[in-house]
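This report concerns only the one structure given below.
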Amino acid sequence: MDDFLFSEEQLEENNLETEEPEYWHILVVDDEEDIHQVTKLVLAGFTFENKGLRFYDAYSAAEAKEFLKKDIPFSVALVDVVMETNHAGLELIQYIRDEIENHDIRLILRTGQPGEAPEEAIIRDYDINDYKNKTELTAIKIKTLLYSALRAHRDIQIIDRHKHGLEQIINASANFLKCDSVHEFASTILSHVTNVMGINDTQIYCAAAVNLQSSPAKDFQLLAASGLGPTPQQNTIPDEVKNLFIDAHERKSSLKTSNDYIGYFPTKAGLETMLYVHKGSKLQATEHQLLEFYANNIALAYDNLKLREMVKESQKELSYILGEAVEKRSKETGSHVKRVALYSELLAQLSELNPFQCEIIKLASPLHDIGKISIPDSILNKPGKLTDDEWEIMKTHAEIGYEILKNSSNEILTCGALISYQHHEKWDGSGYPQGLMADDINIVGRITALADVFDALCSDRCYKKAWPLEEALTLIKDQRAKHFDPILVDLLLENLPLFLEIKDRYPD
């Protein structure tokens with residue numbers, strides 16, 4: 001593939017450790033030692049789905065409760081009815097289901113005294129999964145009973161994993177919608193995939209192609225990888241992973257192996273993204289299914305992200321175009337609106353506004369003089385000082401700009417209306433058109449006011465030459481707490497090199 005949006009250093013391959021063998025954890029609760037011995041003897045070598053059994057011996061209901069308080073994922077409990085009391089086993093059942101609310105463990109009651117606990121009443125009144133007389137439990141029946149119980153427990157675990165996974169997918173989808181960039185999008189994928197899977201030791205490689213699906217597979221670069229942070233400094237994918245990506249690209253479909261999932265999700269725009277997930281142990285069918293659901297959501301979210309990026313870029317371009325149109329009419333350069341936009345964004349960042357507000361101010365500030373479209377050329381481009389009547393006409397541009405933009409529901413235009421209306425207000429209340437004072441002037445108006453004047457002082461205009469920097473700074477210092485918000489003035493002066501870098505980057 002030709003062009004990608006990704007990183008810069010070589011990716012080191014990690015060796016996954018083999019996971020410890022898994023077991024089905026079985027709790028045997030009985031006050032007779034012989035029952036424990038016979039149970040383990042009969043079930044010696046028993047396996048289900050390639051996992052053996054691990055037994056835990058409790059000789060009373062009280063001892064069983066201690067086991068249940070530990071972090072042991074019990075699958076089945078074989079419980080005697082009569083132990084320290086005639087109904088100790090029944091009370092243990094109620095404790096498990098009602099007090100600790102464990103509804104996953106499969107409970108099998110065994111009794112040598114059926115008269116103490118009639119079968120029909122017990123099955124009806126207690127949340128158990130089976131009830132057997134010890135005398136009828138032959139070796140084959142014990143095994144059959146355990147197969148049945150373990151299958152039921154497995155199915156409950158599958159349902160729970162699906163439920164948890166789908167909840168995580170829903171949560172991830174909500175976070176995808178908040179992403180503002182492809183890198184942030186990739187980071188969100190990584191932060192959620194282990195939650196969706198319910199696993200820890202996972203390597204994740206994610207590549208998002210920016211070329212057409214029809215292009216040949218030449219080179220994949222890394223967007224993000226597990227354990228490397230939101231924007232990893234890597235651009236080389238291990239060969240075995242790259243080969244799987246190429247295979248998925250050529251097939252135009254997702255791939256599955258015993259330990260790997262390679263998600264292929266094309267976008268409506270004809271692009272493609274890839275998600276590689278490797279698990280140290282075998283990926284279960286349910287995990288493959290969850291990853292497929294997750295991948296589909298990623299594809300939809302990616303399309304939405306690209307659409308939002310396109311809309312945002314269009315809005316930014318339109319803001320600049322409108323701002324430049326006004327500036328060109330007044331014989332000023334288009335660089336003025338770019339500089340004011342970036343000065344305003346920088347002041348917003350230094351004021352610790354949130355990233356969204358900073359972005360909105362950057363996109364809206366080019367509209368600060370939109371109302372000048374109503375001002376006659378004879379006034380707008382007059383090289384000399386304006387008369388009092390001309391000045392009154394010139395001042396109307398602030399309110400006219402507000403009237404043009406105020407009815408929009410678009411956040412950028414709404415902010416632009418406020419900026420247009422208030423960027424000529426002054427901290428001491430001597431500005432126009434409302435005569436607002438101090439914090440009554442919205443922060444966006446205060447920011448743009450300083451950005452606009454700083455740029456105007458340092459630039460040529462039809463009625464003046466650019467001031468030397470020291471003279472411009474002297475005026476701004478003098479107007480601290482008069483024309484300008486004093487805190488914003490301090491931020492500009494303390495970070496002057498950042499503002500000058502913008503000035504130099506966008507000359508007239």
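FYI, nothing fancy with the structure tokens labels: chains A, B, ... in order, residues from 1 per chain, ligands from 1 as they appear.
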Distance table requested - region 43-79 of chain A against region 118-132 of chain A, cut-off 10 Å, only C-alpha atoms: one row per qualifying residue with the closest atom pair and its distance in Å to one decimal, ordered by chain and rising residue number, as a Markdown table.
```
| residue | atom | partner | partner_atom | distance |
| --- | --- | --- | --- | --- |
| A:Val76 | CA | A:Asn129 | CA | 9.8 |
| A:Leu78 | CA | A:Asp130 | CA | 9.6 |
| A:Val79 | CA | A:Tyr131 | CA | 9.4 |
```
Take the residues from that selection and put them in a file with N, CA, C and O atoms, as a JSON list (two decimals), in the first residue's frame.
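What ended up in result-v3.json:
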```
[["chain", "number", "residue", "atom", "x", "y", "z"],
["A", 76, "VAL", "N", -18.21, -26.20, 39.59],
["A", 76, "VAL", "CA", -19.18, -27.16, 40.14],
["A", 76, "VAL", "C", -18.91, -27.35, 41.62],
["A", 76, "VAL", "O", -17.74, -27.38, 42.04],
["A", 78, "LEU", "N", -20.08, -30.16, 44.60],
["A", 78, "LEU", "CA", -20.78, -31.39, 45.01],
["A", 78, "LEU", "C", -21.00, -31.27, 46.50],
["A", 78, "LEU", "O", -20.05, -31.30, 47.28],
["A", 79, "VAL", "N", -22.24, -31.13, 46.90],
["A", 79, "VAL", "CA", -22.57, -30.74, 48.28],
["A", 79, "VAL", "C", -23.38, -31.82, 48.98],
["A", 79, "VAL", "O", -24.44, -32.23, 48.47]]
```
Residues near region 501-504 of chain A, cut-off 12 Å, only C-alpha atoms, skip fewer than 6 positions along chain, as number ranges by chain:
A: 335-346, 451, 454-459, 469, 495
Please produce a file of those selected residues containing N, CA, C and O atoms, as a compact mmCIF listing (two decimals), in the first residue's frame.
```
# COMPACT_ATOMS: atom_id res chain seq x y z
N SER A 335 -3.25 36.43 5.11
CA SER A 335 -2.47 35.89 6.23
C SER A 335 -2.94 36.44 7.57
O SER A 335 -2.73 35.84 8.61
N HIS A 336 -3.58 37.61 7.53
CA HIS A 336 -4.08 38.20 8.77
C HIS A 336 -5.06 37.25 9.46
O HIS A 336 -4.94 37.01 10.67
N VAL A 337 -6.02 36.67 8.74
CA VAL A 337 -7.01 35.82 9.40
C VAL A 337 -6.37 34.53 9.90
O VAL A 337 -6.77 34.01 10.95
N LYS A 338 -5.37 34.02 9.18
CA LYS A 338 -4.68 32.81 9.65
C LYS A 338 -3.92 33.09 10.94
O LYS A 338 -3.96 32.30 11.89
N ARG A 339 -3.23 34.24 10.95
CA ARG A 339 -2.47 34.58 12.16
C ARG A 339 -3.41 34.82 13.34
O ARG A 339 -3.15 34.33 14.46
N VAL A 340 -4.49 35.55 13.13
CA VAL A 340 -5.44 35.80 14.23
C VAL A 340 -6.03 34.48 14.73
O VAL A 340 -6.20 34.28 15.93
N ALA A 341 -6.33 33.57 13.81
CA ALA A 341 -6.88 32.27 14.20
C ALA A 341 -5.89 31.52 15.08
O ALA A 341 -6.25 30.97 16.14
N LEU A 342 -4.62 31.50 14.69
CA LEU A 342 -3.61 30.75 15.46
C LEU A 342 -3.23 31.46 16.74
O LEU A 342 -2.99 30.82 17.77
N TYR A 343 -3.17 32.81 16.72
CA TYR A 343 -2.96 33.54 17.98
C TYR A 343 -4.08 33.24 18.97
O TYR A 343 -3.85 33.04 20.16
N SER A 344 -5.31 33.25 18.45
CA SER A 344 -6.48 33.02 19.33
C SER A 344 -6.44 31.61 19.90
O SER A 344 -6.71 31.42 21.10
N GLU A 345 -6.11 30.64 19.06
CA GLU A 345 -6.02 29.26 19.56
C GLU A 345 -4.95 29.16 20.63
O GLU A 345 -5.16 28.51 21.67
N LEU A 346 -3.79 29.77 20.39
CA LEU A 346 -2.70 29.71 21.37
C LEU A 346 -3.09 30.37 22.68
O LEU A 346 -2.82 29.82 23.77
N ALA A 451 -5.65 39.21 20.08
CA ALA A 451 -5.02 38.62 18.90
C ALA A 451 -5.12 39.56 17.71
O ALA A 451 -4.15 39.74 16.95
N PHE A 454 -2.87 42.79 18.28
CA PHE A 454 -1.45 42.43 18.18
C PHE A 454 -1.04 42.26 16.72
O PHE A 454 0.00 42.78 16.29
N ASP A 455 -1.88 41.58 15.94
CA ASP A 455 -1.54 41.38 14.54
C ASP A 455 -1.65 42.68 13.75
O ASP A 455 -0.83 42.95 12.87
N ALA A 456 -2.66 43.49 14.05
CA ALA A 456 -2.84 44.77 13.34
C ALA A 456 -1.66 45.70 13.58
O ALA A 456 -1.17 46.36 12.65
N LEU A 457 -1.17 45.75 14.81
CA LEU A 457 -0.03 46.61 15.13
C LEU A 457 1.23 46.17 14.38
O LEU A 457 2.03 47.02 13.95
N CYS A 458 1.39 44.86 14.23
CA CYS A 458 2.63 44.32 13.64
C CYS A 458 2.54 44.16 12.13
O CYS A 458 3.46 43.59 11.52
N SER A 459 1.44 44.62 11.52
CA SER A 459 1.23 44.44 10.08
C SER A 459 0.97 45.76 9.39
O SER A 459 0.46 46.72 10.00
N LEU A 469 8.26 45.86 16.71
CA LEU A 469 7.74 44.97 17.75
C LEU A 469 7.76 45.63 19.12
O LEU A 469 6.78 45.52 19.88
N ASN A 495 4.87 34.26 26.76
CA ASN A 495 5.04 33.24 25.72
C ASN A 495 5.26 33.87 24.35
O ASN A 495 4.90 33.30 23.32
```
Which polymer residues have any atom within 6 Å of an atom of region 248-265 of chain A, counting only C-alpha atoms, with same-chain residues fewer than 5 positions away left out, as a short mmCIF file (atom, residue, chain, number, x, y, z; two decimals) with C-alpha atoms, in the first residue's frame?
```cif
data_model
loop_
_atom_site.label_atom_id
_atom_site.label_comp_id
_atom_site.auth_asym_id
_atom_site.auth_seq_id
_atom_site.Cartn_x
_atom_site.Cartn_y
_atom_site.Cartn_z
CA GLU A 272 -9.48 -0.17 4.35
CA THR A 273 -8.27 -0.68 7.90
CA MET A 274 -6.74 -3.76 9.51
CA LEU A 275 -6.81 -5.07 13.07
CA TYR A 276 -4.52 -7.89 14.17
CA VAL A 277 -5.08 -9.62 17.50
CA HIS A 278 -2.88 -12.43 18.78
CA LYS A 279 -3.65 -14.36 21.94
CA LYS A 282 -6.28 -20.58 21.56
CA LEU A 283 -8.90 -18.04 20.57
CA ALA A 299 -15.29 0.23 10.30
#
```
Taking only C-alpha atoms into account, name the residue in A:Ile142, A:Val444, A:Ala348, A:Ala152 that is nearest to Val38 (chain A).
A:Ile142
